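Asks: my_file_7.tsv is reproduced below (TSV, C-alpha atoms).
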```
chain	number	residue	atom	x	y	z
O	27	MET	CA	-31.92	-1.40	-9.59
O	28	ALA	CA	-29.20	-4.01	-8.90
O	29	LEU	CA	-26.13	-4.30	-11.14
O	30	LYS	CA	-26.12	-3.04	-14.72
O	31	VAL	CA	-23.34	-2.71	-17.31
O	32	ILE	CA	-23.43	0.87	-18.61
O	33	GLY	CA	-20.43	0.94	-20.93
O	34	ASN	CA	-16.74	0.16	-21.25
O	35	MET	CA	-13.62	2.14	-20.33
O	36	TYR	CA	-11.99	1.17	-23.62
O	37	GLY	CA	-14.51	2.76	-25.96
O	38	ASP	CA	-17.15	1.02	-28.03
O	39	TYR	CA	-19.36	-1.28	-26.05
O	40	HIS	CA	-21.26	-4.20	-27.52
O	41	ALA	CA	-23.11	-6.50	-25.13
O	42	LYS	CA	-22.46	-10.23	-25.41
O	43	LEU	CA	-25.40	-12.20	-24.08
O	44	GLU	CA	-25.44	-15.87	-23.09
O	45	ASP	CA	-28.59	-17.97	-22.69
O	46	GLY	CA	-27.25	-21.51	-23.13
O	47	ILE	CA	-25.73	-22.15	-19.69
O	48	ALA	CA	-27.91	-23.54	-16.90
O	49	SER	CA	-27.95	-22.10	-13.40
O	50	THR	CA	-27.39	-23.98	-10.14
O	51	SER	CA	-30.41	-22.24	-8.57
O	52	ALA	CA	-33.01	-19.57	-9.32
O	53	ARG	CA	-31.44	-16.38	-10.68
O	54	THR	CA	-32.76	-12.82	-10.48
O	55	ALA	CA	-32.01	-9.97	-12.90
O	56	GLY	CA	-29.15	-7.81	-11.63
O	57	GLU	CA	-27.16	-10.53	-9.85
O	58	ALA	CA	-23.43	-10.99	-10.47
O	59	VAL	CA	-22.59	-14.56	-11.49
O	60	TYR	CA	-19.68	-16.72	-12.57
O	61	VAL	CA	-19.37	-20.12	-14.25
O	62	SER	CA	-18.47	-23.10	-12.05
O	63	SER	CA	-18.61	-26.70	-13.26
O	64	GLY	CA	-20.45	-25.53	-16.36
O	65	LYS	CA	-23.26	-23.68	-14.53
O	66	TRP	CA	-23.97	-20.12	-13.43
O	67	VAL	CA	-23.36	-19.55	-9.70
O	68	VAL	CA	-23.92	-16.33	-7.74
O	69	SER	CA	-20.66	-14.41	-7.15
O	70	ASN	CA	-19.56	-13.91	-3.58
O	71	THR	CA	-18.54	-10.55	-2.14
O	72	ASN	CA	-15.07	-10.71	-3.66
O	73	GLY	CA	-15.55	-13.32	-6.37
O	74	VAL	CA	-15.04	-13.19	-10.09
O	75	ILE	CA	-17.85	-11.50	-12.03
O	76	ASP	CA	-18.25	-13.40	-15.30
O	77	GLY	CA	-21.61	-11.82	-16.02
O	78	ILE	CA	-24.72	-10.04	-14.81
O	79	VAL	CA	-28.11	-11.67	-15.06
O	80	ILE	CA	-30.35	-9.76	-17.48
O	81	LYS	CA	-33.34	-12.12	-17.31
O	82	GLY	CA	-33.78	-14.45	-14.36
O	83	CYS	CA	-34.86	-18.07	-14.28
O	84	ALA	CA	-36.14	-20.82	-12.03
O	85	SER	CA	-33.75	-23.31	-10.42
O	86	SER	CA	-31.81	-25.32	-13.03
O	87	GLY	CA	-33.17	-22.96	-15.70
O	88	TYR	CA	-31.31	-20.91	-18.28
O	89	PRO	CA	-30.92	-17.23	-17.37
O	90	VAL	CA	-29.94	-14.58	-19.92
O	91	VAL	CA	-26.56	-13.26	-18.78
O	92	GLU	CA	-24.50	-10.35	-20.10
O	93	TYR	CA	-20.79	-11.14	-19.99
O	94	VAL	CA	-18.62	-8.70	-18.03
O	95	VAL	CA	-15.39	-8.08	-19.92
O	96	PRO	CA	-12.28	-6.08	-18.95
O	97	GLY	CA	-13.07	-2.40	-18.60
O	98	ALA	CA	-16.81	-2.92	-18.11
O	99	MET	CA	-18.37	-0.06	-16.16
O	100	ILE	CA	-21.06	-1.34	-13.80
O	101	GLU	CA	-23.65	0.88	-12.15
O	102	ALA	CA	-25.11	-0.37	-8.88
O	103	ASP	CA	-27.14	0.72	-5.91
O	104	LEU	CA	-25.27	1.24	-2.66
O	105	GLU	CA	-26.53	-0.87	0.23
O	106	GLY	CA	-25.97	0.28	3.82
O	107	THR	CA	-24.70	3.51	5.34
O	108	LEU	CA	-22.12	5.11	3.06
O	109	SER	CA	-18.58	5.04	4.45
O	110	ALA	CA	-16.68	8.32	4.08
O	111	ASN	CA	-13.79	6.21	2.75
O	112	LEU	CA	-15.74	4.78	-0.20
O	113	VAL	CA	-14.78	7.37	-2.81
O	114	ALA	CA	-13.67	7.52	-6.45
O	115	GLY	CA	-10.30	5.85	-6.82
O	116	VAL	CA	-10.81	3.19	-4.16
O	117	LYS	CA	-9.90	-0.13	-5.76
O	118	THR	CA	-11.21	-2.57	-3.16
O	119	ALA	CA	-15.00	-2.10	-2.91
O	120	VAL	CA	-17.09	-5.28	-2.50
O	121	LEU	CA	-20.46	-6.71	-3.49
O	122	VAL	CA	-23.11	-7.40	-0.85
O	123	ALA	CA	-23.68	-11.06	0.03
O	124	ASP	CA	-26.52	-11.59	-2.50
O	125	SER	CA	-24.32	-10.03	-5.24
O	126	ASP	CA	-26.85	-7.55	-6.56
O	127	ASN	CA	-25.52	-4.29	-5.04
O	128	VAL	CA	-22.29	-2.76	-3.72
O	129	ASP	CA	-21.71	-2.65	0.04
O	130	ALA	CA	-21.62	1.05	1.02
O	131	THR	CA	-20.01	0.26	4.38
O	132	LYS	CA	-16.90	-1.48	3.00
O	133	TYR	CA	-14.01	-0.01	1.09
O	134	ALA	CA	-11.40	-2.76	1.53
O	135	GLY	CA	-11.06	-6.43	0.66
O	136	GLY	CA	-12.76	-6.40	-2.72
O	137	HIS	CA	-11.79	-5.96	-6.36
O	138	LEU	CA	-14.19	-3.27	-7.57
O	139	ARG	CA	-12.43	-0.08	-8.66
O	140	VAL	CA	-14.67	2.91	-7.86
O	141	LEU	CA	-15.16	5.46	-10.65
O	142	SER	CA	-17.87	7.57	-9.02
O	143	VAL	CA	-20.14	7.70	-5.98
O	144	ASP	CA	-23.51	9.47	-5.97
O	145	SER	CA	-24.39	9.73	-2.28
O	146	THR	CA	-27.61	11.64	-3.00
O	147	ASN	CA	-29.10	8.81	-5.06
O	148	SER	CA	-27.14	5.95	-3.40
O	149	LYS	CA	-25.50	4.90	-6.70
O	150	ILE	CA	-21.97	3.87	-7.56
O	151	VAL	CA	-20.08	3.13	-10.79
O	152	VAL	CA	-17.31	0.53	-10.57
O	153	VAL	CA	-14.95	-1.44	-12.81
O	154	PRO	CA	-14.29	-5.01	-11.64
O	155	THR	CA	-10.73	-6.32	-11.89
O	156	LYS	CA	-11.89	-9.96	-11.80
O	157	THR	CA	-13.98	-10.65	-14.90
O	158	PHE	CA	-14.77	-13.35	-17.47
O	159	LEU	CA	-11.62	-12.72	-19.48
O	160	TYR	CA	-9.27	-11.10	-17.01
O	161	THR	CA	-8.38	-11.73	-13.38
O	162	THR	CA	-5.77	-9.81	-11.42
O	163	SER	CA	-4.98	-9.31	-7.77
O	164	THR	CA	-5.86	-5.99	-6.11
```
Once more with this new file: its structure as structure tokens, please.

Replies:
Amino acid sequence: MALKVIGNMYGDYHAKLEDGIASTSARTAGEAVYVSSGKWVVSNTNGVIDGIVIKGCASSGYPVVEYVVPGAMIEADLEGTLSANLVAGVKTAVLVADSDNVDATKYAGGHLRVLSVDSTNSKIVVVPTKTFLYTTST
């Protein structure tokens, strides 16, 4: 499934899509990205999440990206063996290296606040604290 915005903690949710910024390389739907030097770049495990790719593109193309704003609730697949310490309330979960899932083995060093964990279906819902409009330390 990869990453998907499913709502906002602050109430009404209205997606803001962007299709006018080029990408540094090929993008795939579900990847977390941020803007660097005017282009979309894949987020690293603890990097800012400016948006999530909705429709991918070829290298130097123009992906369709949904901005991730403060309070955005993101649903993701868990990748790896679930750590017993990765539970609701943890505020330091991390993305996997390719930025399209959450690392099930890590519960420290990141900026994703965990709202819920579904171990049966290997799903997680998180709220990032580093987004397009808002960045804070963990």

Asks: What lies within 10 Å of segment 95-103 of chain O using only C-alpha atoms, ignoring chain neighbours under 3 positions off, as a ChimeraX atom specification?

Replies: /O:27-37,39,41-42,56,75-78,92,106,121,126-130,138-144,147-161

Asks: Please compute the atom CA of Val67 of chain O-atom CA of Asp38 of chain O distance, one decimal, in Å.

Replies: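 According to the coordinates, atom CA of Val67 of chain O and atom CA of Asp38 of chain O are separated by 28.2 Å.
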
Asks: Record the distance separating atom CA of Ala110 of chain O and atom CA of Thr71 of chain O, expressed in Å with one decimal.

Replies: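 Here the two named atoms are 20.0 Å from each other.
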
Asks: Pick out the closest residue to Ser51 of chain O from this set: O:Val94, O:Val113, O:Ala84, O:Val79. Count all atoms listed in the file.

Replies: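 Among the listed residues, the smallest separation from Ser51 of chain O belongs to O:Ala84.
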
Asks: Would you compute the distance between atom CA of Ser63 of chain O and atom CA of Val120 of chain O? Give it in Å to one decimal.

Replies: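 These two atoms are separated by 24.0 Å.
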
Asks: Just checking: using all atoms listed in the file, which residue out of O:Val91, O:Ala123, O:Ala48, O:Ala55 ends up closest to Asn72 of chain O?

Replies: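 Answer, going by the shortest atom-to-atom distance: O:Ala123.
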
Asks: Give the padded box for segment 132-135 of chain O as AutoDock Vina command-line options: axis-aligned, covering all atoms listed in the file, 6 Å on each side, centre and edge lengths in Å to one decimal.

Replies:
```
--center_x -14.0 --center_y -3.2 --center_z 1.8 --size_x 17.8 --size_y 18.4 --size_z 14.3
```

Asks: Kindly add N, CA, C and O atoms to the incomplete segment 143-156 of chain O and provide the output as a PDB file, in the coordinates of the input.

Replies:
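So the final result, stored in result.pdb, reads:
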```pdb
ATOM      1  N   VAL O 143     -19.171   7.972  -7.036  1.00  0.00           N
ATOM      2  CA  VAL O 143     -20.140   7.700  -5.980  1.00  0.00           C
ATOM      3  C   VAL O 143     -21.148   8.834  -5.963  1.00  0.00           C
ATOM      4  O   VAL O 143     -20.771   9.993  -5.905  1.00  0.00           O
ATOM      5  N   ASP O 144     -22.426   8.494  -6.052  1.00  0.00           N
ATOM      6  CA  ASP O 144     -23.510   9.470  -5.970  1.00  0.00           C
ATOM      7  C   ASP O 144     -24.239   9.226  -4.650  1.00  0.00           C
ATOM      8  O   ASP O 144     -25.134   8.399  -4.562  1.00  0.00           O
ATOM      9  N   SER O 145     -23.814   9.948  -3.605  1.00  0.00           N
ATOM     10  CA  SER O 145     -24.390   9.730  -2.280  1.00  0.00           C
ATOM     11  C   SER O 145     -25.836  10.189  -2.196  1.00  0.00           C
ATOM     12  O   SER O 145     -26.623   9.643  -1.421  1.00  0.00           O
ATOM     13  N   THR O 146     -26.235  11.148  -3.007  1.00  0.00           N
ATOM     14  CA  THR O 146     -27.610  11.640  -3.000  1.00  0.00           C
ATOM     15  C   THR O 146     -28.582  10.567  -3.451  1.00  0.00           C
ATOM     16  O   THR O 146     -29.645  10.378  -2.861  1.00  0.00           O
ATOM     17  N   ASN O 147     -28.230   9.845  -4.497  1.00  0.00           N
ATOM     18  CA  ASN O 147     -29.100   8.810  -5.060  1.00  0.00           C
ATOM     19  C   ASN O 147     -28.683   7.393  -4.696  1.00  0.00           C
ATOM     20  O   ASN O 147     -29.239   6.426  -5.216  1.00  0.00           O
ATOM     21  N   SER O 148     -27.660   7.254  -3.836  1.00  0.00           N
ATOM     22  CA  SER O 148     -27.140   5.950  -3.400  1.00  0.00           C
ATOM     23  C   SER O 148     -26.756   5.057  -4.584  1.00  0.00           C
ATOM     24  O   SER O 148     -27.127   3.900  -4.666  1.00  0.00           O
ATOM     25  N   LYS O 149     -25.976   5.626  -5.506  1.00  0.00           N
ATOM     26  CA  LYS O 149     -25.500   4.900  -6.700  1.00  0.00           C
ATOM     27  C   LYS O 149     -23.981   4.931  -6.734  1.00  0.00           C
ATOM     28  O   LYS O 149     -23.342   5.837  -6.201  1.00  0.00           O
ATOM     29  N   ILE O 150     -23.422   3.949  -7.408  1.00  0.00           N
ATOM     30  CA  ILE O 150     -21.970   3.870  -7.560  1.00  0.00           C
ATOM     31  C   ILE O 150     -21.674   3.295  -8.947  1.00  0.00           C
ATOM     32  O   ILE O 150     -22.466   2.514  -9.477  1.00  0.00           O
ATOM     33  N   VAL O 151     -20.554   3.711  -9.533  1.00  0.00           N
ATOM     34  CA  VAL O 151     -20.080   3.130 -10.790  1.00  0.00           C
ATOM     35  C   VAL O 151     -18.708   2.541 -10.500  1.00  0.00           C
ATOM     36  O   VAL O 151     -17.824   3.224  -9.967  1.00  0.00           O
ATOM     37  N   VAL O 152     -18.545   1.252 -10.847  1.00  0.00           N
ATOM     38  CA  VAL O 152     -17.310   0.530 -10.570  1.00  0.00           C
ATOM     39  C   VAL O 152     -16.827  -0.208 -11.811  1.00  0.00           C
ATOM     40  O   VAL O 152     -17.589  -0.439 -12.744  1.00  0.00           O
ATOM     41  N   VAL O 153     -15.537  -0.576 -11.793  1.00  0.00           N
ATOM     42  CA  VAL O 153     -14.950  -1.440 -12.810  1.00  0.00           C
ATOM     43  C   VAL O 153     -14.356  -2.628 -12.065  1.00  0.00           C
ATOM     44  O   VAL O 153     -13.453  -2.465 -11.245  1.00  0.00           O
ATOM     45  N   PRO O 154     -14.859  -3.840 -12.313  1.00  0.00           N
ATOM     46  CA  PRO O 154     -14.290  -5.010 -11.640  1.00  0.00           C
ATOM     47  C   PRO O 154     -12.945  -5.392 -12.234  1.00  0.00           C
ATOM     48  O   PRO O 154     -12.736  -5.253 -13.436  1.00  0.00           O
ATOM     49  N   THR O 155     -12.022  -5.864 -11.391  1.00  0.00           N
ATOM     50  CA  THR O 155     -10.730  -6.320 -11.890  1.00  0.00           C
ATOM     51  C   THR O 155     -10.684  -7.836 -12.009  1.00  0.00           C
ATOM     52  O   THR O 155      -9.678  -8.386 -12.450  1.00  0.00           O
ATOM     53  N   LYS O 156     -11.758  -8.506 -11.615  1.00  0.00           N
ATOM     54  CA  LYS O 156     -11.890  -9.960 -11.800  1.00  0.00           C
ATOM     55  C   LYS O 156     -13.123 -10.179 -12.674  1.00  0.00           C
ATOM     56  O   LYS O 156     -14.238 -10.040 -12.215  1.00  0.00           O
TER      57      LYS O 156
END
```
